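What follows is the content of protein08.cif, which has mmCIF, C-alpha atoms and all ligand atoms; chains and numbers go by the auth columns:
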```
data_entry
loop_
_atom_site.group_PDB
_atom_site.id
_atom_site.type_symbol
_atom_site.label_atom_id
_atom_site.label_comp_id
_atom_site.label_asym_id
_atom_site.label_seq_id
_atom_site.Cartn_x
_atom_site.Cartn_y
_atom_site.Cartn_z
_atom_site.B_iso_or_equiv
_atom_site.auth_seq_id
_atom_site.auth_asym_id
ATOM 1 C CA MET A 1 0.000 0.000 0.000 0.00 194 A
ATOM 2 C CA SER A 2 1.382 3.413 -0.935 0.00 195 A
ATOM 3 C CA GLU A 3 2.156 5.969 1.751 0.00 196 A
ATOM 4 C CA GLY A 4 -0.735 8.345 2.348 0.00 197 A
ATOM 5 C CA LEU A 5 -3.431 5.964 1.138 0.00 198 A
ATOM 6 C CA LYS A 6 -6.161 4.941 3.531 0.00 199 A
ATOM 7 C CA ALA A 7 -6.295 1.250 4.321 0.00 200 A
ATOM 8 C CA VAL A 8 -9.570 -0.589 3.971 0.00 201 A
ATOM 9 C CA GLU A 9 -10.637 -3.603 5.962 0.00 202 A
ATOM 10 C CA GLY A 10 -8.784 -6.709 4.819 0.00 203 A
ATOM 11 C CA ASP A 11 -5.667 -4.815 3.722 0.00 204 A
ATOM 12 C CA THR A 12 -2.352 -5.952 5.114 0.00 205 A
ATOM 13 C CA ILE A 13 -0.236 -3.192 6.609 0.00 206 A
ATOM 14 C CA GLU A 14 3.470 -3.510 7.220 0.00 207 A
ATOM 15 C CA THR A 15 4.645 -0.926 9.712 0.00 208 A
ATOM 16 C CA PRO A 16 7.361 -0.745 12.367 0.00 209 A
ATOM 17 C CA VAL A 17 4.829 0.494 14.928 0.00 210 A
ATOM 18 C CA LEU A 18 1.055 0.074 14.937 0.00 211 A
ATOM 19 C CA ILE A 19 -0.794 2.432 17.276 0.00 212 A
ATOM 20 C CA VAL A 20 -4.303 1.230 18.055 0.00 213 A
ATOM 21 C CA GLY A 21 -6.472 4.149 19.071 0.00 214 A
ATOM 22 C CA GLY A 22 -6.219 7.791 18.052 0.00 215 A
ATOM 23 C CA GLY A 23 -6.927 9.318 21.447 0.00 216 A
ATOM 24 C CA PRO A 24 -4.571 11.763 23.168 0.00 217 A
ATOM 25 C CA CYS A 25 -2.072 9.010 24.072 0.00 218 A
ATOM 26 C CA GLY A 26 -2.041 7.491 20.586 0.00 219 A
ATOM 27 C CA LEU A 27 -1.690 10.820 18.791 0.00 220 A
ATOM 28 C CA MET A 28 1.065 11.989 21.157 0.00 221 A
ATOM 29 C CA LEU A 29 2.915 8.700 20.669 0.00 222 A
ATOM 30 C CA ALA A 30 2.662 9.042 16.869 0.00 223 A
ATOM 31 C CA ASN A 31 3.966 12.603 17.133 0.00 224 A
ATOM 32 C CA GLU A 32 6.911 11.665 19.349 0.00 225 A
ATOM 33 C CA LEU A 33 7.830 8.688 17.171 0.00 226 A
ATOM 34 C CA GLY A 34 7.643 10.845 14.034 0.00 227 A
ATOM 35 C CA ARG A 35 9.955 13.440 15.581 0.00 228 A
ATOM 36 C CA ARG A 36 12.456 10.631 16.124 0.00 229 A
ATOM 37 C CA GLY A 37 12.139 9.333 12.579 0.00 230 A
ATOM 38 C CA VAL A 38 10.162 6.223 13.497 0.00 231 A
ATOM 39 C CA GLU A 39 7.345 5.468 11.074 0.00 232 A
ATOM 40 C CA ALA A 40 4.079 4.602 12.773 0.00 233 A
ATOM 41 C CA THR A 41 0.573 3.789 11.614 0.00 234 A
ATOM 42 C CA GLU A 42 -2.581 4.540 13.608 0.00 235 A
ATOM 43 C CA ARG A 43 -5.652 2.379 13.228 0.00 236 A
HETATM 44 C C1 LIG B . -16.885 12.864 30.260 0.00 301 A
HETATM 45 C C2 LIG B . -15.374 12.996 30.335 0.00 301 A
HETATM 46 C C3 LIG B . -14.824 14.243 30.533 0.00 301 A
HETATM 47 C C4 LIG B . -13.441 14.407 30.633 0.00 301 A
HETATM 48 N N1 LIG B . -12.932 15.648 30.839 0.00 301 A
HETATM 49 C C5 LIG B . -11.620 15.826 30.935 0.00 301 A
HETATM 50 C C6 LIG B . -11.069 17.126 31.122 0.00 301 A
HETATM 51 O O1 LIG B . -11.778 18.142 31.205 0.00 301 A
HETATM 52 N N2 LIG B . -9.730 17.247 31.230 0.00 301 A
HETATM 53 C C7 LIG B . -8.883 16.175 31.155 0.00 301 A
HETATM 54 O O2 LIG B . -7.660 16.342 31.248 0.00 301 A
HETATM 55 N N3 LIG B . -9.385 14.923 30.956 0.00 301 A
HETATM 56 C C8 LIG B . -10.717 14.713 30.860 0.00 301 A
HETATM 57 N N4 LIG B . -11.223 13.463 30.668 0.00 301 A
HETATM 58 C C9 LIG B . -10.285 12.312 30.603 0.00 301 A
HETATM 59 C C10 LIG B . -9.652 12.219 29.225 0.00 301 A
HETATM 60 O O3 LIG B . -10.660 12.230 28.213 0.00 301 A
HETATM 61 C C11 LIG B . -8.889 10.885 29.176 0.00 301 A
HETATM 62 O O4 LIG B . -8.020 10.785 30.263 0.00 301 A
HETATM 63 C C12 LIG B . -8.081 10.797 27.892 0.00 301 A
HETATM 64 O O5 LIG B . -8.917 10.929 26.767 0.00 301 A
HETATM 65 C C13 LIG B . -7.376 9.444 27.828 0.00 301 A
HETATM 66 O O6 LIG B . -6.666 9.415 26.604 0.00 301 A
HETATM 67 P P1 LIG B . -6.216 8.058 25.975 0.00 301 A
HETATM 68 O O7 LIG B . -5.449 8.416 24.736 0.00 301 A
HETATM 69 O O8 LIG B . -5.503 7.274 27.026 0.00 301 A
HETATM 70 O O9 LIG B . -7.533 7.266 25.645 0.00 301 A
HETATM 71 P P2 LIG B . -8.777 7.676 24.749 0.00 301 A
HETATM 72 O O10 LIG B . -8.941 9.150 24.610 0.00 301 A
HETATM 73 O O11 LIG B . -9.886 6.876 25.325 0.00 301 A
HETATM 74 O O12 LIG B . -8.374 7.133 23.319 0.00 301 A
HETATM 75 C C14 LIG B . -8.360 5.783 23.031 0.00 301 A
HETATM 76 C C15 LIG B . -8.650 5.652 21.538 0.00 301 A
HETATM 77 O O13 LIG B . -8.581 4.293 21.207 0.00 301 A
HETATM 78 C C16 LIG B . -9.708 3.975 20.422 0.00 301 A
HETATM 79 N N5 LIG B . -9.967 2.564 20.621 0.00 301 A
HETATM 80 C C17 LIG B . -10.390 1.947 21.742 0.00 301 A
HETATM 81 N N6 LIG B . -10.476 0.633 21.554 0.00 301 A
HETATM 82 C C18 LIG B . -10.052 0.395 20.275 0.00 301 A
HETATM 83 C C19 LIG B . -9.928 -0.778 19.475 0.00 301 A
HETATM 84 N N7 LIG B . -10.212 -2.008 19.948 0.00 301 A
HETATM 85 N N8 LIG B . -9.482 -0.633 18.208 0.00 301 A
HETATM 86 C C20 LIG B . -9.185 0.598 17.719 0.00 301 A
HETATM 87 N N9 LIG B . -9.291 1.735 18.419 0.00 301 A
HETATM 88 C C21 LIG B . -9.728 1.646 19.684 0.00 301 A
HETATM 89 C C22 LIG B . -10.829 4.872 20.880 0.00 301 A
HETATM 90 O O14 LIG B . -11.783 5.059 19.889 0.00 301 A
HETATM 91 C C23 LIG B . -10.034 6.160 21.151 0.00 301 A
HETATM 92 O O15 LIG B . -9.938 6.957 19.990 0.00 301 A
HETATM 93 C C24 LIG B . -12.590 13.270 30.554 0.00 301 A
HETATM 94 C C25 LIG B . -13.150 12.007 30.340 0.00 301 A
HETATM 95 C C26 LIG B . -14.525 11.858 30.238 0.00 301 A
HETATM 96 C C27 LIG B . -15.140 10.497 29.997 0.00 301 A
#
```
Exercise: express the given structure as structure tokens:
Amino acid sequence: MSEGLKAVEGDTIETPVLIVGGGPCGLMLANELGRRGVEATER
């Protein structure tokens, strides 16, 4: 799947870090990982 495309149910995602839940904790974690150059995906 290309970067920036939205995954649909049944798609396989390969990512170093999968964050489940886009609440304050999940969004902050994604932000902090991104600042450190770690790719993360939120579902
Ligand atoms: C009525 C109310 C009022 C509040 N008022 C305040 C306030 O004024 N000030 C304050 O500091 N705090 C307040 N809080 C507390 C604050 O909302 C929480 O502490 C904070 O949202 C916790 O953040 P979190 O990221 O840990 O979890 P959450 O915000 O709960 O985020 C978790 C995310 O994970 C998602 N999720 C859950 N299960 C799954 C699953 N199986 N698969 C995929 N996604 C999933 C949820 O949809 C959500 O988006 C309030 C809470 C409530 C209920």
Coordinates-based distance that separates atom CA of A:Ala233 from atom CA of A:Gly215 (Å, one decimal)
12.0 Å
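For the file at hand, the PyMOL selection byres (((not hetatm)) within 8 of (chain A and resi 301)) resolves to A:Val213, A:Gly214, A:Gly215, A:Gly216, A:Pro217, A:Cys218, A:Gly219, A:Leu220, A:Arg236.
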Would you output that residue set with C-alpha atoms, as a CSV table (one decimal), in the frame of the given file?
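Okay, selection-v6.csv is ready:
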```csv
chain,number,residue,atom,x,y,z
A,213,VAL,CA,-4.3,1.2,18.1
A,214,GLY,CA,-6.5,4.1,19.1
A,215,GLY,CA,-6.2,7.8,18.1
A,216,GLY,CA,-6.9,9.3,21.4
A,217,PRO,CA,-4.6,11.8,23.2
A,218,CYS,CA,-2.1,9.0,24.1
A,219,GLY,CA,-2.0,7.5,20.6
A,220,LEU,CA,-1.7,10.8,18.8
A,236,ARG,CA,-5.7,2.4,13.2
```
Take atom CA of A:Glu235 and atom CA of A:Leu211 and report the distance between them in Å, one decimal.
5.9 Å
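For the pair atom CA of A:Ile206 and atom CA of A:Leu222, the interatomic distance is 18.7 Å.
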